>>> print(open('protein21.cif').read())   # mmCIF, C-alpha atoms and all ligand atoms
data_upload
loop_
_atom_site.group_PDB
_atom_site.id
_atom_site.type_symbol
_atom_site.label_atom_id
_atom_site.label_comp_id
_atom_site.auth_asym_id
_atom_site.auth_seq_id
_atom_site.Cartn_x
_atom_site.Cartn_y
_atom_site.Cartn_z
ATOM 1 C CA MET A 190 -3.046 5.531 -15.187
ATOM 2 C CA VAL A 191 -2.159 6.790 -18.645
ATOM 3 C CA LYS A 192 0.012 9.892 -18.534
ATOM 4 C CA ASN A 193 -2.031 13.050 -18.907
ATOM 5 C CA ASP A 194 -5.207 10.985 -18.703
ATOM 6 C CA ILE A 195 -8.481 12.930 -18.561
ATOM 7 C CA SER A 196 -10.878 10.042 -19.003
ATOM 8 C CA PRO A 197 -14.243 10.359 -17.241
ATOM 9 C CA ALA A 198 -13.198 7.792 -14.605
ATOM 10 C CA SER A 199 -10.091 9.804 -13.691
ATOM 11 C CA LEU A 200 -11.987 13.081 -13.686
ATOM 12 C CA LEU A 201 -14.732 11.786 -11.426
ATOM 13 C CA GLU A 202 -12.307 10.327 -8.909
ATOM 14 C CA GLY A 203 -12.250 12.724 -5.940
ATOM 15 C CA LEU A 204 -14.125 15.441 -7.860
ATOM 16 C CA SER A 205 -15.471 17.897 -5.309
ATOM 17 C CA THR A 206 -18.259 19.522 -7.338
ATOM 18 C CA GLU A 207 -21.960 19.218 -6.747
ATOM 19 C CA PHE A 208 -23.088 19.205 -10.383
ATOM 20 C CA VAL A 209 -20.423 20.627 -12.704
ATOM 21 C CA GLY A 210 -18.674 17.738 -14.451
ATOM 22 C CA ARG A 211 -20.801 15.050 -12.802
ATOM 23 C CA ARG A 212 -21.937 13.977 -16.245
ATOM 24 C CA ILE A 213 -19.186 13.738 -18.850
ATOM 25 C CA LEU A 214 -19.323 13.278 -22.599
ATOM 26 C CA TYR A 215 -15.775 12.379 -23.592
ATOM 27 C CA TYR A 216 -14.475 12.145 -27.164
ATOM 28 C CA PRO A 217 -11.015 11.291 -28.486
ATOM 29 C CA ALA A 218 -11.587 13.592 -31.488
ATOM 30 C CA ILE A 219 -14.528 15.675 -32.657
ATOM 31 C CA PRO A 220 -14.855 18.840 -34.722
ATOM 32 C CA SER A 221 -15.919 21.019 -31.774
ATOM 33 C CA THR A 222 -17.050 20.402 -28.194
ATOM 34 C CA MET A 223 -19.446 23.347 -28.697
ATOM 35 C CA ASN A 224 -21.369 21.474 -31.380
ATOM 36 C CA GLU A 225 -21.667 18.337 -29.266
ATOM 37 C CA ALA A 226 -22.683 20.338 -26.223
ATOM 38 C CA LYS A 227 -25.323 22.167 -28.225
ATOM 39 C CA ARG A 228 -26.735 18.869 -29.437
ATOM 40 C CA ALA A 229 -26.736 17.433 -25.906
ATOM 41 C CA ALA A 230 -28.319 20.600 -24.465
ATOM 42 C CA ARG A 231 -31.115 20.478 -27.037
ATOM 43 C CA GLU A 232 -31.710 16.851 -26.094
ATOM 44 C CA GLY A 233 -32.145 17.874 -22.458
ATOM 45 C CA ALA A 234 -28.701 17.253 -20.903
ATOM 46 C CA VAL A 235 -28.676 18.088 -17.204
ATOM 47 C CA GLU A 236 -27.060 21.264 -15.984
ATOM 48 C CA GLY A 237 -23.379 20.691 -15.322
ATOM 49 C CA THR A 238 -22.885 18.198 -18.163
ATOM 50 C CA ILE A 239 -19.488 18.683 -19.774
ATOM 51 C CA VAL A 240 -18.176 17.751 -23.180
ATOM 52 C CA ILE A 241 -14.427 17.204 -23.389
ATOM 53 C CA ALA A 242 -12.276 16.200 -26.327
ATOM 54 C CA GLU A 243 -8.670 15.109 -26.610
ATOM 55 C CA GLN A 244 -8.561 16.846 -29.945
ATOM 56 C CA GLN A 245 -10.833 19.167 -31.911
ATOM 57 C CA THR A 246 -10.579 19.133 -35.648
ATOM 58 C CA GLY A 247 -12.756 22.207 -36.148
ATOM 59 C CA GLY A 248 -12.442 24.164 -32.876
ATOM 60 C CA ARG A 249 -14.346 27.440 -32.986
ATOM 61 C CA GLY A 250 -13.477 30.931 -31.832
ATOM 62 C CA ARG A 251 -15.741 33.968 -31.971
ATOM 63 C CA LEU A 252 -17.180 35.435 -35.174
ATOM 64 C CA GLY A 253 -16.398 32.399 -37.305
ATOM 65 C CA ARG A 254 -12.735 32.295 -36.316
ATOM 66 C CA GLY A 255 -10.982 29.005 -35.591
ATOM 67 C CA TRP A 256 -9.412 27.595 -32.454
ATOM 68 C CA LEU A 257 -6.435 25.248 -32.731
ATOM 69 C CA SER A 258 -6.880 22.312 -30.481
ATOM 70 C CA PRO A 259 -4.415 19.470 -31.059
ATOM 71 C CA PRO A 260 -4.147 16.508 -28.639
ATOM 72 C CA GLY A 261 -2.717 17.199 -25.182
ATOM 73 C CA ASN A 262 -4.598 20.423 -24.495
ATOM 74 C CA ILE A 263 -7.914 21.220 -22.824
ATOM 75 C CA ALA A 264 -11.088 21.586 -24.882
ATOM 76 C CA LEU A 265 -14.156 21.776 -22.696
ATOM 77 C CA SER A 266 -17.779 22.860 -23.036
ATOM 78 C CA LEU A 267 -20.047 23.156 -20.022
ATOM 79 C CA ILE A 268 -23.841 23.085 -20.327
ATOM 80 C CA ILE A 269 -25.766 25.253 -17.888
ATOM 81 C CA ARG A 270 -29.262 26.677 -17.609
ATOM 82 C CA PRO A 271 -28.926 30.127 -16.070
ATOM 83 C CA GLY A 272 -31.455 32.925 -15.730
ATOM 84 C CA LEU A 273 -31.608 35.554 -18.460
ATOM 85 C CA GLU A 274 -29.992 38.237 -16.306
ATOM 86 C CA GLN A 275 -27.044 35.928 -15.606
ATOM 87 C CA LEU A 276 -26.215 35.399 -19.257
ATOM 88 C CA PRO A 277 -23.851 38.352 -19.746
ATOM 89 C CA ARG A 278 -21.897 37.303 -16.657
ATOM 90 C CA LEU A 279 -20.894 33.852 -17.903
ATOM 91 C CA ASN A 280 -17.833 35.206 -19.648
ATOM 92 C CA MET A 281 -16.583 36.525 -16.287
ATOM 93 C CA VAL A 282 -17.387 33.190 -14.629
ATOM 94 C CA ALA A 283 -15.276 31.366 -17.209
ATOM 95 C CA SER A 284 -12.282 33.674 -17.189
ATOM 96 C CA LEU A 285 -12.122 34.081 -13.408
ATOM 97 C CA ALA A 286 -12.330 30.315 -12.951
ATOM 98 C CA THR A 287 -9.554 29.798 -15.483
ATOM 99 C CA VAL A 288 -7.095 32.371 -14.128
ATOM 100 C CA HIS A 289 -7.620 31.084 -10.580
ATOM 101 C CA CYS A 290 -6.863 27.520 -11.651
ATOM 102 C CA ILE A 291 -3.842 28.420 -13.734
ATOM 103 C CA GLU A 292 -2.419 30.212 -10.706
ATOM 104 C CA LYS A 293 -3.353 27.516 -8.202
ATOM 105 C CA VAL A 294 -2.013 24.624 -10.244
ATOM 106 C CA THR A 295 1.030 26.199 -11.915
ATOM 107 C CA GLY A 296 1.834 29.358 -9.939
ATOM 108 C CA LEU A 297 1.883 31.315 -13.216
ATOM 109 C CA LYS A 298 0.252 34.730 -13.226
ATOM 110 C CA ALA A 299 -2.506 34.967 -15.807
ATOM 111 C CA GLU A 300 -4.268 38.134 -16.927
ATOM 112 C CA ILE A 301 -7.502 38.810 -18.759
ATOM 113 C CA LYS A 302 -7.769 40.929 -21.881
ATOM 114 C CA TRP A 303 -11.298 42.234 -22.197
ATOM 115 C CA PRO A 304 -13.579 40.583 -23.029
ATOM 116 C CA ASN A 305 -12.456 36.956 -23.292
ATOM 117 C CA ASP A 306 -8.734 36.319 -23.758
ATOM 118 C CA ILE A 307 -6.501 34.903 -21.066
ATOM 119 C CA LEU A 308 -2.885 35.870 -21.412
ATOM 120 C CA ILE A 309 0.415 35.013 -19.822
ATOM 121 C CA GLY A 310 3.143 37.562 -20.496
ATOM 122 C CA GLY A 311 0.960 39.154 -23.170
ATOM 123 C CA LYS A 312 0.450 35.876 -25.055
ATOM 124 C CA LYS A 313 -2.823 33.993 -25.375
ATOM 125 C CA ILE A 314 -3.022 30.851 -23.277
ATOM 126 C CA CYS A 315 -6.782 30.360 -23.272
ATOM 127 C CA GLY A 316 -9.832 31.339 -25.287
ATOM 128 C CA ILE A 317 -13.431 31.435 -24.101
ATOM 129 C CA LEU A 318 -16.606 31.198 -26.128
ATOM 130 C CA THR A 319 -20.110 31.380 -24.695
ATOM 131 C CA GLU A 320 -23.227 30.520 -26.652
ATOM 132 C CA SER A 321 -26.857 30.345 -25.629
ATOM 133 C CA ALA A 322 -30.406 29.887 -26.859
ATOM 134 C CA LEU A 323 -33.600 31.444 -25.603
ATOM 135 C CA ARG A 324 -37.075 29.978 -25.585
ATOM 136 C CA LYS A 325 -40.196 31.980 -24.754
ATOM 137 C CA GLY A 326 -38.151 34.771 -23.202
ATOM 138 C CA SER A 327 -36.002 32.621 -20.936
ATOM 139 C CA VAL A 328 -32.725 30.782 -21.355
ATOM 140 C CA ASP A 329 -33.129 27.310 -22.813
ATOM 141 C CA TRP A 330 -29.427 26.518 -22.511
ATOM 142 C CA ALA A 331 -26.061 28.213 -22.287
ATOM 143 C CA ILE A 332 -22.669 26.731 -23.042
ATOM 144 C CA ILE A 333 -19.337 27.930 -21.758
ATOM 145 C CA GLY A 334 -16.502 26.772 -24.014
ATOM 146 C CA ILE A 335 -12.924 26.917 -22.765
ATOM 147 C CA GLY A 336 -9.751 26.027 -24.624
ATOM 148 C CA ILE A 337 -6.472 26.021 -22.683
ATOM 149 C CA ASN A 338 -3.070 25.512 -24.242
ATOM 150 C CA ILE A 339 -1.309 22.971 -22.078
ATOM 151 C CA ASP A 340 1.322 21.621 -24.410
ATOM 152 C CA LEU A 341 1.001 23.496 -27.661
ATOM 153 C CA ASP A 342 4.035 24.246 -29.777
ATOM 154 C CA ALA A 343 3.493 27.979 -29.985
ATOM 155 C CA SER A 344 6.562 28.470 -32.171
ATOM 156 C CA SER A 345 4.594 26.727 -34.920
ATOM 157 C CA LEU A 346 1.957 29.469 -34.648
ATOM 158 C CA PRO A 347 3.940 32.718 -34.912
ATOM 159 C CA GLU A 348 0.882 34.535 -36.268
ATOM 160 C CA PHE A 349 -1.121 33.992 -33.059
ATOM 161 C CA ALA A 350 1.001 35.393 -30.198
ATOM 162 C CA ALA A 351 0.103 32.216 -28.330
ATOM 163 C CA THR A 352 1.761 30.355 -25.513
ATOM 164 C CA SER A 353 1.176 27.221 -23.441
ATOM 165 C CA LEU A 354 1.517 26.253 -19.794
ATOM 166 C CA CYS A 355 4.303 23.706 -20.453
ATOM 167 C CA TYR A 356 6.241 26.247 -22.479
ATOM 168 C CA GLU A 357 5.921 28.927 -19.783
ATOM 169 C CA LEU A 358 6.870 26.523 -16.980
ATOM 170 C CA GLY A 359 9.549 24.565 -18.780
ATOM 171 C CA HIS A 360 8.080 21.305 -17.504
ATOM 172 C CA GLU A 361 4.936 19.195 -17.665
ATOM 173 C CA VAL A 362 1.594 20.197 -16.153
ATOM 174 C CA SER A 363 -1.104 17.839 -14.907
ATOM 175 C CA ARG A 364 -4.011 18.335 -17.266
ATOM 176 C CA LEU A 365 -6.143 16.267 -14.935
ATOM 177 C CA GLU A 366 -5.404 18.459 -11.929
ATOM 178 C CA LEU A 367 -6.060 21.614 -13.924
ATOM 179 C CA LEU A 368 -9.327 20.288 -15.319
ATOM 180 C CA LYS A 369 -10.597 19.171 -11.907
ATOM 181 C CA CYS A 370 -9.706 22.545 -10.461
ATOM 182 C CA LEU A 371 -11.478 24.245 -13.365
ATOM 183 C CA LEU A 372 -14.698 22.316 -12.790
ATOM 184 C CA GLY A 373 -14.644 23.312 -9.115
ATOM 185 C CA GLU A 374 -13.965 26.986 -9.832
ATOM 186 C CA LEU A 375 -16.553 27.133 -12.620
ATOM 187 C CA GLU A 376 -19.144 25.837 -10.185
ATOM 188 C CA ARG A 377 -18.053 28.245 -7.463
ATOM 189 C CA PHE A 378 -18.247 31.373 -9.660
ATOM 190 C CA TYR A 379 -21.407 30.222 -11.428
ATOM 191 C CA LEU A 380 -23.172 29.640 -8.124
ATOM 192 C CA ALA A 381 -22.063 33.093 -6.944
ATOM 193 C CA VAL A 382 -23.630 34.599 -10.074
ATOM 194 C CA ARG A 383 -26.795 32.547 -9.570
ATOM 195 C CA ARG A 384 -27.086 33.932 -6.037
ATOM 196 C CA GLY A 385 -26.824 37.432 -7.508
ATOM 197 C CA GLU A 386 -23.398 38.127 -6.023
ATOM 198 C CA PRO A 387 -21.367 40.602 -8.073
ATOM 199 C CA ILE A 388 -18.095 39.235 -9.440
ATOM 200 C CA HIS A 389 -17.064 42.125 -11.690
ATOM 201 C CA GLU A 390 -14.843 43.717 -9.064
ATOM 202 C CA GLN A 391 -12.682 40.605 -8.786
ATOM 203 C CA TRP A 392 -12.744 40.321 -12.551
ATOM 204 C CA GLN A 393 -11.672 43.872 -13.212
ATOM 205 C CA LYS A 394 -8.621 43.477 -10.978
ATOM 206 C CA ARG A 395 -7.374 40.913 -13.512
ATOM 207 C CA LEU A 396 -8.074 42.977 -16.629
ATOM 208 C CA VAL A 397 -5.014 44.262 -18.465
ATOM 209 C CA THR A 398 -7.276 46.474 -20.542
ATOM 210 C CA LEU A 399 -8.280 48.977 -17.862
ATOM 211 C CA GLY A 400 -6.511 52.284 -17.332
ATOM 212 C CA LYS A 401 -5.314 52.190 -20.940
ATOM 213 C CA THR A 402 -6.195 53.899 -24.174
ATOM 214 C CA VAL A 403 -7.704 51.312 -26.468
ATOM 215 C CA ARG A 404 -8.989 50.910 -29.982
ATOM 216 C CA LEU A 405 -12.225 48.970 -29.975
ATOM 217 C CA LYS A 406 -13.911 47.219 -32.817
ATOM 218 C CA SER A 407 -17.454 46.333 -31.917
ATOM 219 C CA ALA A 408 -20.287 45.412 -34.307
ATOM 220 C CA GLY A 409 -18.319 46.835 -37.228
ATOM 221 C CA VAL A 410 -17.706 50.193 -35.512
ATOM 222 C CA VAL A 411 -14.181 51.245 -34.544
ATOM 223 C CA GLU A 412 -13.584 53.767 -31.815
ATOM 224 C CA GLU A 413 -10.839 54.838 -29.481
ATOM 225 C CA GLY A 414 -11.058 55.854 -25.881
ATOM 226 C CA TYR A 415 -9.893 55.325 -22.343
ATOM 227 C CA ALA A 416 -10.932 51.997 -20.786
ATOM 228 C CA GLU A 417 -12.176 53.225 -17.426
ATOM 229 C CA ALA A 418 -13.917 50.299 -15.748
ATOM 230 C CA VAL A 419 -16.396 47.491 -16.269
ATOM 231 C CA ASP A 420 -19.951 47.322 -14.970
ATOM 232 C CA GLU A 421 -21.572 44.410 -13.116
ATOM 233 C CA ASP A 422 -22.205 42.565 -16.407
ATOM 234 C CA GLY A 423 -18.598 42.919 -17.506
ATOM 235 C CA TYR A 424 -19.458 45.551 -20.130
ATOM 236 C CA LEU A 425 -16.587 47.927 -20.805
ATOM 237 C CA LEU A 426 -17.051 51.566 -19.827
ATOM 238 C CA LEU A 427 -15.128 53.507 -22.437
ATOM 239 C CA ARG A 428 -14.476 57.246 -22.070
ATOM 240 C CA ARG A 429 -14.574 58.783 -25.521
ATOM 241 C CA PRO A 430 -12.288 61.703 -26.474
ATOM 242 C CA ASP A 431 -15.351 64.031 -26.244
ATOM 243 C CA GLY A 432 -15.805 63.013 -22.579
ATOM 244 C CA ALA A 433 -18.882 60.838 -23.083
ATOM 245 C CA LEU A 434 -18.964 57.448 -21.393
ATOM 246 C CA THR A 435 -20.121 54.519 -23.478
ATOM 247 C CA ARG A 436 -20.964 50.936 -22.444
ATOM 248 C CA ILE A 437 -19.734 48.154 -24.714
ATOM 249 C CA ALA A 438 -20.817 44.526 -24.462
ATOM 250 C CA ALA A 439 -18.159 42.821 -26.583
ATOM 251 C CA GLY A 440 -15.602 43.510 -29.259
ATOM 252 C CA GLU A 441 -11.938 43.425 -30.158
ATOM 253 C CA ALA A 442 -9.753 45.613 -27.985
ATOM 254 C CA THR A 443 -6.271 46.696 -29.055
ATOM 255 C CA LEU A 444 -4.175 48.445 -26.439
ATOM 256 C CA LEU A 445 -2.693 51.651 -27.825
ATOM 257 C CA PRO A 446 0.682 53.005 -26.701
HETATM 258 C C1 LIG A 501 -11.611 32.556 -28.723
HETATM 259 O O1 LIG A 501 -12.059 33.134 -29.869
HETATM 260 O O2 LIG A 501 -10.596 32.839 -28.142
HETATM 261 C C2 LIG A 501 -12.525 31.452 -28.218
HETATM 262 C C3 LIG A 501 -11.900 30.106 -28.320
HETATM 263 C C4 LIG A 501 -12.750 29.047 -27.638
HETATM 264 C C5 LIG A 501 -12.188 27.676 -27.820
HETATM 265 C C6 LIG A 501 -12.961 26.657 -27.054
HETATM 266 S S1 LIG A 501 -12.172 25.108 -27.034
HETATM 267 C C7 LIG A 501 -13.572 24.334 -26.398
HETATM 268 C C8 LIG A 501 -14.751 24.948 -27.136
HETATM 269 N N1 LIG A 501 -14.968 24.279 -28.388
HETATM 270 C C9 LIG A 501 -14.785 25.099 -29.440
HETATM 271 O O3 LIG A 501 -14.939 24.770 -30.636
HETATM 272 N N2 LIG A 501 -14.451 26.325 -29.006
HETATM 273 C C10 LIG A 501 -14.378 26.378 -27.556
HETATM 274 P P1 LIG A 501 -11.448 34.455 -30.511
HETATM 275 O O4 LIG A 501 -11.372 35.544 -29.493
HETATM 276 O O5 LIG A 501 -12.241 34.668 -31.731
HETATM 277 O O6 LIG A 501 -9.963 34.038 -30.872
HETATM 278 C C11 LIG A 501 -9.681 33.199 -31.947
HETATM 279 C C12 LIG A 501 -8.279 33.560 -32.446
HETATM 280 O O7 LIG A 501 -7.291 33.081 -31.507
HETATM 281 C C13 LIG A 501 -7.912 32.895 -33.753
HETATM 282 O O8 LIG A 501 -8.354 33.643 -34.852
HETATM 283 C C14 LIG A 501 -6.397 32.839 -33.669
HETATM 284 O O9 LIG A 501 -5.839 34.092 -34.005
HETATM 285 C C15 LIG A 501 -6.133 32.631 -32.194
HETATM 286 N N3 LIG A 501 -5.937 31.219 -31.852
HETATM 287 C C16 LIG A 501 -6.452 30.105 -32.436
HETATM 288 N N4 LIG A 501 -6.098 29.002 -31.776
HETATM 289 C C17 LIG A 501 -5.328 29.420 -30.741
HETATM 290 C C18 LIG A 501 -4.672 28.747 -29.686
HETATM 291 N N5 LIG A 501 -4.734 27.431 -29.516
HETATM 292 N N6 LIG A 501 -3.976 29.513 -28.802
HETATM 293 C C19 LIG A 501 -3.906 30.850 -28.921
HETATM 294 N N7 LIG A 501 -4.506 31.537 -29.901
HETATM 295 C C20 LIG A 501 -5.221 30.840 -30.793
#
>>> encode(input="protein21.cif", output="structure tokens", more="lines below")
Ligand code: BT5
Amino acid sequence: MVKNDISPASLLEGLSTEFVGRRILYYPAIPSTMNEAKRAAREGAVEGTIVIAEQQTGGRGRLGRGWLSPPGNIALSLIIRPGLEQLPRLNMVASLATVHCIEKVTGLKAEIKWPNDILIGGKKICGILTESALRKGSVDWAIIGIGINIDLDASSLPEFAATSLCYELGHEVSRLELLKCLLGELERFYLAVRRGEPIHEQWQKRLVTLGKTVRLKSAGVVEEGYAEAVDEDGYLLLRRPDGALTRIAAGEATLLP
């Protein structure tokens, strides 16, 4: 087997999932796994189909930002067809699955910065992007995109405060093992959400953002407050200086001293 191989044949060998990752669209290099997944979803791809790429040449972050995704890392998009009420919870599904796998496979402790960054020692190791489309009031498709830095030279990206698993460990990591674990954990948390089981309590235990004063930029509005908790959809409950509690779906959080 090729070192660090994540070909469909290797991924399927011994894969324990029921449907996540059972159908694989694998590309050596594409602009973005999100774009391919979107195309496949529109063409009727079955739930659980994944798109993986060795390299993305136009990886996407939120709000038009980019995601660096050179060869040797993980770039994955998962196509699912959840209910409307499950949509806000997909971000929690993705980040819980990722932190569990990082810990299981490497022993490193990963934390979540609300709403979608995964950090090790305060540096970003993984980014998550979820996209969806509705049709006649229900979800046509949803895509969970996950990028994990396995072997990224973070010193070449001083502007990002990024890190990678190999850098943190000081030795190689099995991308294949991590990816297989991720497919299993994504299925486990997604099925929990589908059954209506709350996962926000587990999620909030991993959030570095809570119990801190934060500056939040959301939909062009900046405000400061105390990050008290999250609700069952993962929305942040922010206590404003005037005592009012506000519920925020997504945004950029900066921890204040
Ligand atoms: C994210 O956006 O963190 C979501 C990234 C999702 C990437 C996955 S990879 C598979 C799938 N296919 C895609 O095209 N996308 C998804 P955001 O919160 O907007 O953060 C983006 C910011 O993170 C950038 O503006 C940089 O500052 C920083 N950044 C870019 N590449 C990075 C990397 N490899 N590691 C750490 N930080 C990075």
>>> residues_near_ligand(input="protein21.cif", ligand="ligand LIG 501 (chain A)", cutoff="8 Å", atoms="all atoms listed in the file", output="CSV table (one decimal) with C-alpha atoms, keeping the file's coordinate frame")
chain,number,residue,atom,x,y,z
A,220,PRO,CA,-14.9,18.8,-34.7
A,221,SER,CA,-15.9,21.0,-31.8
A,222,THR,CA,-17.0,20.4,-28.2
A,223,MET,CA,-19.4,23.3,-28.7
A,224,ASN,CA,-21.4,21.5,-31.4
A,241,ILE,CA,-14.4,17.2,-23.4
A,245,GLN,CA,-10.8,19.2,-31.9
A,247,GLY,CA,-12.8,22.2,-36.1
A,248,GLY,CA,-12.4,24.2,-32.9
A,249,ARG,CA,-14.3,27.4,-33.0
A,250,GLY,CA,-13.5,30.9,-31.8
A,251,ARG,CA,-15.7,34.0,-32.0
A,252,LEU,CA,-17.2,35.4,-35.2
A,253,GLY,CA,-16.4,32.4,-37.3
A,254,ARG,CA,-12.7,32.3,-36.3
A,255,GLY,CA,-11.0,29.0,-35.6
A,256,TRP,CA,-9.4,27.6,-32.5
A,257,LEU,CA,-6.4,25.2,-32.7
A,258,SER,CA,-6.9,22.3,-30.5
A,263,ILE,CA,-7.9,21.2,-22.8
A,264,ALA,CA,-11.1,21.6,-24.9
A,265,LEU,CA,-14.2,21.8,-22.7
A,266,SER,CA,-17.8,22.9,-23.0
A,305,ASN,CA,-12.5,37.0,-23.3
A,306,ASP,CA,-8.7,36.3,-23.8
A,312,LYS,CA,0.4,35.9,-25.1
A,313,LYS,CA,-2.8,34.0,-25.4
A,314,ILE,CA,-3.0,30.9,-23.3
A,315,CYS,CA,-6.8,30.4,-23.3
A,316,GLY,CA,-9.8,31.3,-25.3
A,317,ILE,CA,-13.4,31.4,-24.1
A,318,LEU,CA,-16.6,31.2,-26.1
A,333,ILE,CA,-19.3,27.9,-21.8
A,334,GLY,CA,-16.5,26.8,-24.0
A,335,ILE,CA,-12.9,26.9,-22.8
A,336,GLY,CA,-9.8,26.0,-24.6
A,337,ILE,CA,-6.5,26.0,-22.7
A,338,ASN,CA,-3.1,25.5,-24.2
A,341,LEU,CA,1.0,23.5,-27.7
A,343,ALA,CA,3.5,28.0,-30.0
A,348,GLU,CA,0.9,34.5,-36.3
A,349,PHE,CA,-1.1,34.0,-33.1
A,350,ALA,CA,1.0,35.4,-30.2
A,351,ALA,CA,0.1,32.2,-28.3
A,352,THR,CA,1.8,30.4,-25.5
A,353,SER,CA,1.2,27.2,-23.4
A,441,GLU,CA,-11.9,43.4,-30.2
>>> resolve_selection(input="protein21.cif", expression="the PyMOL selection byres (((chain A and resi 303) around 10) and not hetatm)", output="ChimeraX atom specification")
/A:280-281,284,300-302,304-307,392-393,395-399,416,419,423-425,439-443
>>> closest_residue(input="protein21.cif", among="A:Asn262, A:Thr319, A:Thr402, A:Gln244", to="Leu276 of chain A", atoms="only C-alpha atoms")
A:Thr319
>>> residues_around(input="protein21.cif", residues="segment 364-381 of chain A", least_positions_apart="5", cutoff="6 Å", atoms="all atoms listed in the file", output="list in words")
Asn193, Ile195, Thr206, Val209, Val282, Ala286, Cys290 and Glu386 of chain A
>>> atom_distance(input="protein21.cif", atom1="atom CA of Pro387 of chain A", atom2="atom CA of Gly237 of chain A")
21.3 Å
>>> atom_distance(input="protein21.cif", atom1="atom CA of Gly409 of chain A", atom2="atom CA of Ile268 of chain A")
29.7 Å
>>> closest_residue(input="protein21.cif", among="A:Ser345, A:Ser327, A:Ser363, A:Gln391", to="Gly272 of chain A", atoms="all atoms listed in the file")
A:Ser327
>>> closest_residue(input="protein21.cif", among="A:Ala331, A:Glu421, A:Val288, A:Gly261", to="Lys227 of chain A", atoms="all atoms listed in the file")
A:Ala331
>>> atom_distance(input="protein21.cif", atom1="atom CA of Ile269 of chain A", atom2="atom CA of Arg383 of chain A")
11.1 Å
>>> axis_aligned_box(input="protein21.cif", around="segment 275-281 of chain A", padding_each_side="8 Å", output="AutoDock Vina command-line options")
--center_x -21.8 --center_y 36.1 --center_z -17.7 --size_x 26.5 --size_y 20.5 --size_z 20.1
>>> closest_residue(input="protein21.cif", among="A:Thr435, A:Glu207, A:Ser196, A:Glu236", to="Asp329 of chain A", atoms="only C-alpha atoms")
A:Glu236
>>> residues_around(input="protein21.cif", residues="Arg212 of chain A", least_positions_apart="3", cutoff="9 Å", atoms="all atoms listed in the file", output="mmCIF file with C-alpha atoms, in the coordinates of the input")
data_model
loop_
_atom_site.group_PDB
_atom_site.id
_atom_site.type_symbol
_atom_site.label_atom_id
_atom_site.label_comp_id
_atom_site.auth_asym_id
_atom_site.auth_seq_id
_atom_site.Cartn_x
_atom_site.Cartn_y
_atom_site.Cartn_z
ATOM 1 C CA PRO A 197 -14.243 10.359 -17.241
ATOM 2 C CA LEU A 201 -14.732 11.786 -11.426
ATOM 3 C CA PHE A 208 -23.088 19.205 -10.383
ATOM 4 C CA VAL A 209 -20.423 20.627 -12.704
ATOM 5 C CA ALA A 234 -28.701 17.253 -20.903
ATOM 6 C CA VAL A 235 -28.676 18.088 -17.204
ATOM 7 C CA GLU A 236 -27.060 21.264 -15.984
ATOM 8 C CA GLY A 237 -23.379 20.691 -15.322
ATOM 9 C CA THR A 238 -22.885 18.198 -18.163
ATOM 10 C CA ILE A 239 -19.488 18.683 -19.774
ATOM 11 C CA VAL A 240 -18.176 17.751 -23.180
#
>>> resolve_selection(input="protein21.cif", expression="the PyMOL selection byres (((chain A and resi 358) around 12) and not hetatm)", output="PDB file with C-alpha atoms, in the frame of the given file")
ATOM      1  CA  ILE A 291      -3.842  28.420 -13.734  1.00  0.00           C
ATOM      2  CA  GLU A 292      -2.419  30.212 -10.706  1.00  0.00           C
ATOM      3  CA  VAL A 294      -2.013  24.624 -10.244  1.00  0.00           C
ATOM      4  CA  THR A 295       1.030  26.199 -11.915  1.00  0.00           C
ATOM      5  CA  GLY A 296       1.834  29.358  -9.939  1.00  0.00           C
ATOM      6  CA  LEU A 297       1.883  31.315 -13.216  1.00  0.00           C
ATOM      7  CA  LYS A 298       0.252  34.730 -13.226  1.00  0.00           C
ATOM      8  CA  ILE A 309       0.415  35.013 -19.822  1.00  0.00           C
ATOM      9  CA  ILE A 339      -1.309  22.971 -22.078  1.00  0.00           C
ATOM     10  CA  ASP A 340       1.322  21.621 -24.410  1.00  0.00           C
ATOM     11  CA  THR A 352       1.761  30.355 -25.513  1.00  0.00           C
ATOM     12  CA  SER A 353       1.176  27.221 -23.441  1.00  0.00           C
ATOM     13  CA  LEU A 354       1.517  26.253 -19.794  1.00  0.00           C
ATOM     14  CA  CYS A 355       4.303  23.706 -20.453  1.00  0.00           C
ATOM     15  CA  TYR A 356       6.241  26.247 -22.479  1.00  0.00           C
ATOM     16  CA  GLU A 357       5.921  28.927 -19.783  1.00  0.00           C
ATOM     17  CA  GLY A 359       9.549  24.565 -18.780  1.00  0.00           C
ATOM     18  CA  HIS A 360       8.080  21.305 -17.504  1.00  0.00           C
ATOM     19  CA  GLU A 361       4.936  19.195 -17.665  1.00  0.00           C
ATOM     20  CA  VAL A 362       1.594  20.197 -16.153  1.00  0.00           C
ATOM     21  CA  SER A 363      -1.104  17.839 -14.907  1.00  0.00           C
TER      22      SER A 363
END
>>> closest_residue(input="protein21.cif", among="A:Leu346, A:Gly203, A:Tyr415, A:Leu273", to="Asp431 of chain A", atoms="only C-alpha atoms")
A:Tyr415
>>> resolve_selection(input="protein21.cif", expression="the PyMOL selection byres (((chain A and resi 445) around 9) and not hetatm)", output="NGL selection string")
:A and (401-404 or 413 or 443-444 or 446)
